[in-house]
Structures are given as structure tokens and as C-alpha cells.
Amino acid sequence: MTNINVKDLTLEFGAVRVLDKLNIDIQEGEFLVLLGASGCGKSTLLNCIAGLLDITDGEIHIGGRNVTWEEPSERGIGMVFQSYALYPQMSVEGNLSFGLKNAKVPKPEIAKRVARAAEILQIEPLLKRKPAALSGGQRQRVAIGRALVRDVDVFLFDEPLSNLDAKLRADLRVELKLLHQKLDNTMIYVTHDQVEAMTLADRIAIMRGGVVQQIASPSEVYNRPSNKYVAGFIGSPTINFFEGSITDGGGEFLSADMHFPLTGYDASQGALTARPAWLGIRPESVITGTDVDHQPFTAEITVELVEPMGSDTLIYTTLAGIPFRFRMSGKASVAAGDALKIGFDPAQGSLFDKSTENRL
Amino acid sequence: MTDTPVALSAAPRGTKPRKRLTPTNIMLYGTLFVAALYYLLPLYVMMVTSLKGMPEIRFGNVFAPPVEITFEPWVKAWAEACTGINCDGLSRGFWNSVQILVPSVVISIAIASVNGYALSLWKFKGSEVFFTILIFGAFIPYQVMIYPIVILLREAGEGLSLITGTKIRLMGSIWGLVIVHTIFGMPILTLLFRNYFASVPEELFKAARVDGAGFWQIYFQIMLPMALPIFVVAIILQVTGIWNDFLFGVIFTKPDTYPMTVQLNNIVNSVQGVKEYNVNMAATMLTGLVPLIIYFASGKLFVRGIAAGAVKG
């Protein structure tokens, strides 16, 4: 049993409340990603779970045990940091075995565990080197190894890939996912990178101002964001928001002079009623070309800017009086000034209440 | 058509040529030369004078090199010069100074490094206030504290005598001076170490805690090996500071235990007999030798230590 329960966790630095009555339950073997802009409290939450910060109020249970007052080393966790945090004067081997020596693990056992971690992470040839003689990717591997040798059930990652260049990051991301599949440990992973979050997570917890906004599977977070902040945070390029109102009976959304039919919208809070609201349309859900005529909503637009990205092309235009972005195939040959007919299904978008900004 | 190579113009191409005799360079090196001369000239005069015999000195050519080189003044300064009733030269002061220096440097740095480590990484309630008070101590003039310290040392000595049952004198003893040097080195050394340890990435400290290391384990196994440059800086500061100290030496010790600087003063400023300039010069050079050697031996490390923490390694 290595599930983690965070109950009513509150942390205050002086008068500033960084975490506010936070509740999270993480299942055994789950890969949970804490996602949020910088300063949202995600790293702070991780440090609280690790025991590196003294909390103001609440409880933390790991594996059914209340560890709220326990030292980090007693909690059965391994942690990987953004800056690798390798001990510079020790060899890779020394780094890996430091924690075990402190825990008075017998020597043969240390050697066995170090060898196993080195094998899993493929760092055997590096064991005698000092951290300064390693590349960024190798250093992070050693840092992961340091968590691995502790033979713990919970891994905590604090933006472990943020210091690496883009290509290495993608490679190590895949390795991390493989590692999780192989070990099946409970993992909590803090990042501000939504690609990492989407690809790695079983569930994503999106945080803002010390409060969890939504905790759900990546596809749920992407397709059915619980509020306007989450919708705007997830997805690149960002979702398009139309400001307007829902008509009586919830049949249409009115913005500027545009009518967006809402037939088939899967409402989260009972049937739609007339009220001011936001309509969010993902750039990916816009369709061009021959299928346009089948879409519930179509419009003629003028291309204002084209951003070719290789795999796809981003088009900037104006729709219903707001800047509107959408995605086309990378092979599309469009230029600024072209007229295009686009279409999408507004019912596949997300509606948010104007004042509460919660999903309707 | 044949390919005609593109004609390479003779200049400008490649490294830009540098002019040596520019007004800036003349100004720069001129100033450096004058400054160097200004500081080296006294050293030169001391050196040549200390190698002359007294008759040669009486000619008055201060800058002239010695005609007849003699090492007798050095020998006399070291082993024969008289201060008060003792006539065994500076050697007695040298060994006194060494006995004062070594424990003072070791103890003060040992305590200050742990102070700095605790104040930067194991922050406790009131640690900032504690640090502020400590630093404030560095700004109080020594003169204000001398008399209270004399009384404190006397009373502490008597207290210790009562407890141990043997006669212990702190005032006027080498150990009393060691205590004074240790305490007075504390503010600046703690500041030095605190700032150095504050520049150590916090995640390293966190990683060590997750790895189950405690206060002393983190200090000895992780922080200490990383802090070598700043230890060198601290050693240099303390060695030169304590070796060159005159005020505390003259106050807190007595003639038998005078450090080298005090003895040097007594030799040079003795009013009886002939002024033996050559002996005085040799004695001064001997006294200055220790800090000088420290600087030469560790100059590079010193600069590295001072700069450490300024730039992220």
C-alpha cells in the first residue's frame, strides 16, 4: 500500500498562504503530474510531501502511515531535483550509495543496489566519474539513480527535465515513462511543461494560487477543462475564447453577430440556460477543406498571419471580432490575405460561466 | 568560363592588429609602474640596509647596495637582540606568535564555519536576529571592549581556578589571547562562511536530507569538501590578522609571552644605546615574513575563494 493522501494541507510563509486546505489522493502505482505556472505552489506541495518544508496545518499519509511529522528520510520517498543536486565531491558511485550508507545498509547490499540502478539507467561506465565530468542528461540519470537505489515506493520529481535541452528532454521523458512502467512505483512529478504533463501522467493536477483547479486524466483535462483557467493553460496554441451569451433553452451561443449552434453539447452542470458565458474552441478542432460544409458552424475568414511549424501550420485570423487561431495541415499552402472557409462543431468546445468561469 | 578566385583584399582581414604604444597603455602601465615602485622602494631599502654593517650605514647612502654583504644583523635580530631583560632576540616572540596563531586560527575557523553553515542552511527561529547581532559586533570599536575583556578574562580565570582547583590564569596568558582572537574573528568569519554556504544550491541540501544525512553528516561530507576555497580565504584572513595584531598582544600578554609584533616594537623602539638600523630592518623583515609567505603560497586560491559564490559555477 503506497498510496499518498494529502489532507487539508495548508502552508503559510508568514502572512502569505501558499497552499490552502489542499486535498489530493494518489493511488498506488499512479503517475500524478502537478502542473501549473511558476509560483502556483506545485513545487511547494512536493516539498511538503517530501518533508522538506514544515507545514502549517493538515496531514500527509504515505502508504497508510501518517508521516506528517517524520523526517524526509523516514518517509520512504526518493526525490529528483531540477538542478540534479549531485554531491560534487563524490563519484557517481558515492552519490548513489550516500543515502544507503546513512541508513546503515550493509556493504554487499549497497553494491548490489548500486549495480542494479546503474544497469537500469545504463550508467555503469560512469560509476567512477565525478558529476562535473558528466553531461546534463547523464547527471539527471544519476540523480534518478539516487532515488532508485533507496528502494522506495514513492518517487518525487521536481521539474527534473527543465534544465535539459529540448531533444534530451524528449528522450528522457520517454525513459521516465518506461521506468514507471517497469517499476510501477507511485510517482509525483512537478512540471510547468504541459507536453511532459500530457505524455507522462495518469492524472494531471492543475494548480493555481495554491489550489488544485482540476485533477483528472490528460484527455479529460484537455477535452473537458473544469474552468476557464485550465482551458487556457492546457493546449498550445492556446484555446480561443468567444465572449457572449447562451440563448434561452441553450440552443445557441451568441457572440458579436455570430450564432454558434450548441446542439449536442455535453453539459456538466445540468441543462444549459440563458446566461452570459465564454465559449472555448481549440485550434485543433477547426476544419478546412471539403468537409467544412458538414460542420454545424461555418464562416468565411481572411488569413492574417501564417506560422508554418513543419508538422502543421498555424493560421491567425479574426472571428466574431476576436483574434482567432487555428491549425491546418503542414502541407497546406496558404498565405496572408487568402480567403478561407472554416468550420467546427461548437458543441465539442467548452462553455464557461461568465462570472464563475466554471464549466457549464 | 574558368573560375577566377575572388581577389582577397590585403586588409582588413582576420585578427585586428593591436597597437602597443597607445595613450591608454602608456597611462596604464605608467601608473602601474609608479605604484609598484612606491611600494617596492621601502622593501628595497630595508633589504639592503639589513645586509649592511653599521659603519656602512653611517655613510648615509640609503639606496646604495651593500658593499660588504653581512648576515650578522639577521642573526642578531633572530637570536641576540635584547628586549627588556631577555636577550634571545625575536625567536622567543616568533614561537609565542606561533603558539597564539595556530589554536586561534583553527578554533575560530572551526566555530565560524559551523556558525555560517547553520545560519544559512538550518535556519531557526531568530537566526536572522542572531546573525544581525553577530555582525553588529564587527562594527564596535575594539578600544571600547578592551577593559571589559580584561576584567572578563581575569574573572573567568579565577572561576576556572575555583572549579578545577588549580591555579589558572587567562589574563596575561597565551590562551587568554587565543580566546580573544577567536571571539573577535567570529563576526567577519561567520559572515564569510554564511554567504558562501548561502550560495550552495538549496537543492543539494534537500537531496542530502532526503538521503537521510543529519546536521554533522551534511556538514562534514558535503559542505566541507565544497568549501575549501572559502576555508583558504578564512585562513589567510586569520593568519595575517592575528600575526599582525599588536594591540591585543600588548594588552593581554606579558613580556614572557609577547607575540612577535610586540617584541619587534620593543626592539626597534628601544631608546638605549646605538640605533642598530640593520638589526631593526632585519627584525621587521623577519616579522613580516609569515604573512608574506602565506600570500605568495596561496594568492591564487585566495582570489578564487573571494570570487567563489559571485559567479555560479
# chains A, B, ... in the order shown; residues from 1 in each chain; ligands from 1
$ closest_atom_pairs --of "chain A" --to "chain B" --cutoff "6 Å" --atoms "only C-alpha atoms" --output "Markdown table"
| residue | atom | partner | partner_atom | distance |
| --- | --- | --- | --- | --- |
| A:Pro72 | CA | B:Val210 | CA | 5.0 |
| A:Ser73 | CA | B:Gly212 | CA | 4.6 |
| A:Ala85 | CA | B:Leu204 | CA | 4.5 |
| A:Gly99 | CA | B:Asp211 | CA | 4.1 |
| A:Asn102 | CA | B:Gly212 | CA | 5.9 |
$ write_last_selection --atoms "C-alpha atoms" --output "PDB file, in the first residue's frame"
ATOM      1  CA  PRO A  72      12.284  13.191   4.772  1.00  0.00           C
ATOM      2  CA  SER A  73      14.489  10.112   5.004  1.00  0.00           C
ATOM      3  CA  ALA A  85      21.763  18.281  -6.860  1.00  0.00           C
ATOM      4  CA  GLY A  99      21.821   7.586   1.278  1.00  0.00           C
ATOM      5  CA  ASN A 102      23.472   6.891   6.060  1.00  0.00           C
TER       6      ASN A 102
END
$ residues_around --residues "region 173-188 of chain B" --least-positions-apart "5" --cutoff "8 Å" --atoms "only C-alpha atoms" --output "list in words"
Asn96, Gln99, Ile100, Leu101, Pro103, Ser104, Val105, Ile107, Ser108, Ile111, Ala112, Leu134, Ile135, Phe136, Gly137, Ala138, Leu153, Gln238, Ile242, Phe248, Gly249, Phe252, Thr253, Lys254 and Thr257 of chain B
$ residues_around --residues "Lys177 (chain A)" --least-positions-apart "4" --cutoff "12 Å" --atoms "only C-alpha atoms" --output "VMD selection string"
chain A and resid 30 to 32 170 to 173 181 to 185 187 189 196 to 202
$ residues_around --residues "region 270-282 of chain A" --least-positions-apart "3" --cutoff "8 Å" --atoms "only C-alpha atoms" --output "count of residues only"
31
$ select_by_dssp --residues "region 44-259 of chain B" --states "strand (DSSP E or B)" --output "list in words"
Thr83, Asn86, Gly172 and Thr253 of chain B
$ closest_residue --among "B:Thr132, B:Thr83, B:Ile251, B:Ile230" --to "Val150 (chain B)" --atoms "only C-alpha atoms"
B:Ile251
$ residues_around --residues "region 193-199 of chain B" --least-positions-apart "4" --cutoff "6 Å" --atoms "only C-alpha atoms" --output "PDB file with N, CA and C atoms, in the first residue's frame"
ATOM      1  N   SER B 113      32.804  28.357  10.748  1.00  0.00           N
ATOM      2  CA  SER B 113      32.269  27.631   9.592  1.00  0.00           C
ATOM      3  C   SER B 113      30.984  26.907   9.962  1.00  0.00           C
ATOM      4  N   GLY B 116      28.298  29.609  10.203  1.00  0.00           N
ATOM      5  CA  GLY B 116      27.824  30.045   8.894  1.00  0.00           C
ATOM      6  C   GLY B 116      26.954  28.987   8.235  1.00  0.00           C
ATOM      7  N   TYR B 117      27.355  27.746   8.395  1.00  0.00           N
ATOM      8  CA  TYR B 117      26.585  26.632   7.828  1.00  0.00           C
ATOM      9  C   TYR B 117      25.197  26.563   8.456  1.00  0.00           C
ATOM     10  N   SER B 120      22.948  29.618   7.438  1.00  0.00           N
ATOM     11  CA  SER B 120      22.458  29.721   6.069  1.00  0.00           C
ATOM     12  C   SER B 120      21.561  28.546   5.699  1.00  0.00           C
ATOM     13  N   GLY B 309      31.189  32.015  -5.413  1.00  0.00           N
ATOM     14  CA  GLY B 309      29.885  32.447  -4.967  1.00  0.00           C
ATOM     15  C   GLY B 309      29.404  33.662  -5.729  1.00  0.00           C
TER      16      GLY B 309
END
$ residues_around --residues "Ile267 (chain B)" --least-positions-apart "2" --cutoff "10 Å" --atoms "only C-alpha atoms" --output "number ranges by chain"
B: 77, 81-84, 89-90, 261-265, 269-271, 275-276, 279-280, 283-284
$ residues_around --residues "Lys341 (chain A)" --least-positions-apart "4" --cutoff "9 Å" --atoms "only C-alpha atoms" --output "list in words"
Ile287, Thr288, Gly289, Val292, Thr298, Ala299, Glu300, Ile301 and Thr302 of chain A
$ atom_distance --atom1 "CA of Gly159 (chain B)" --atom2 "CA of Ile146 (chain B)"
19.7 Å
$ select_by_dssp --residues "region 109-163 of chain B" --states "helix (DSSP H, G or I)" --output "PyMOL selection string"
chain B and resi 109-121+127-137+142-163
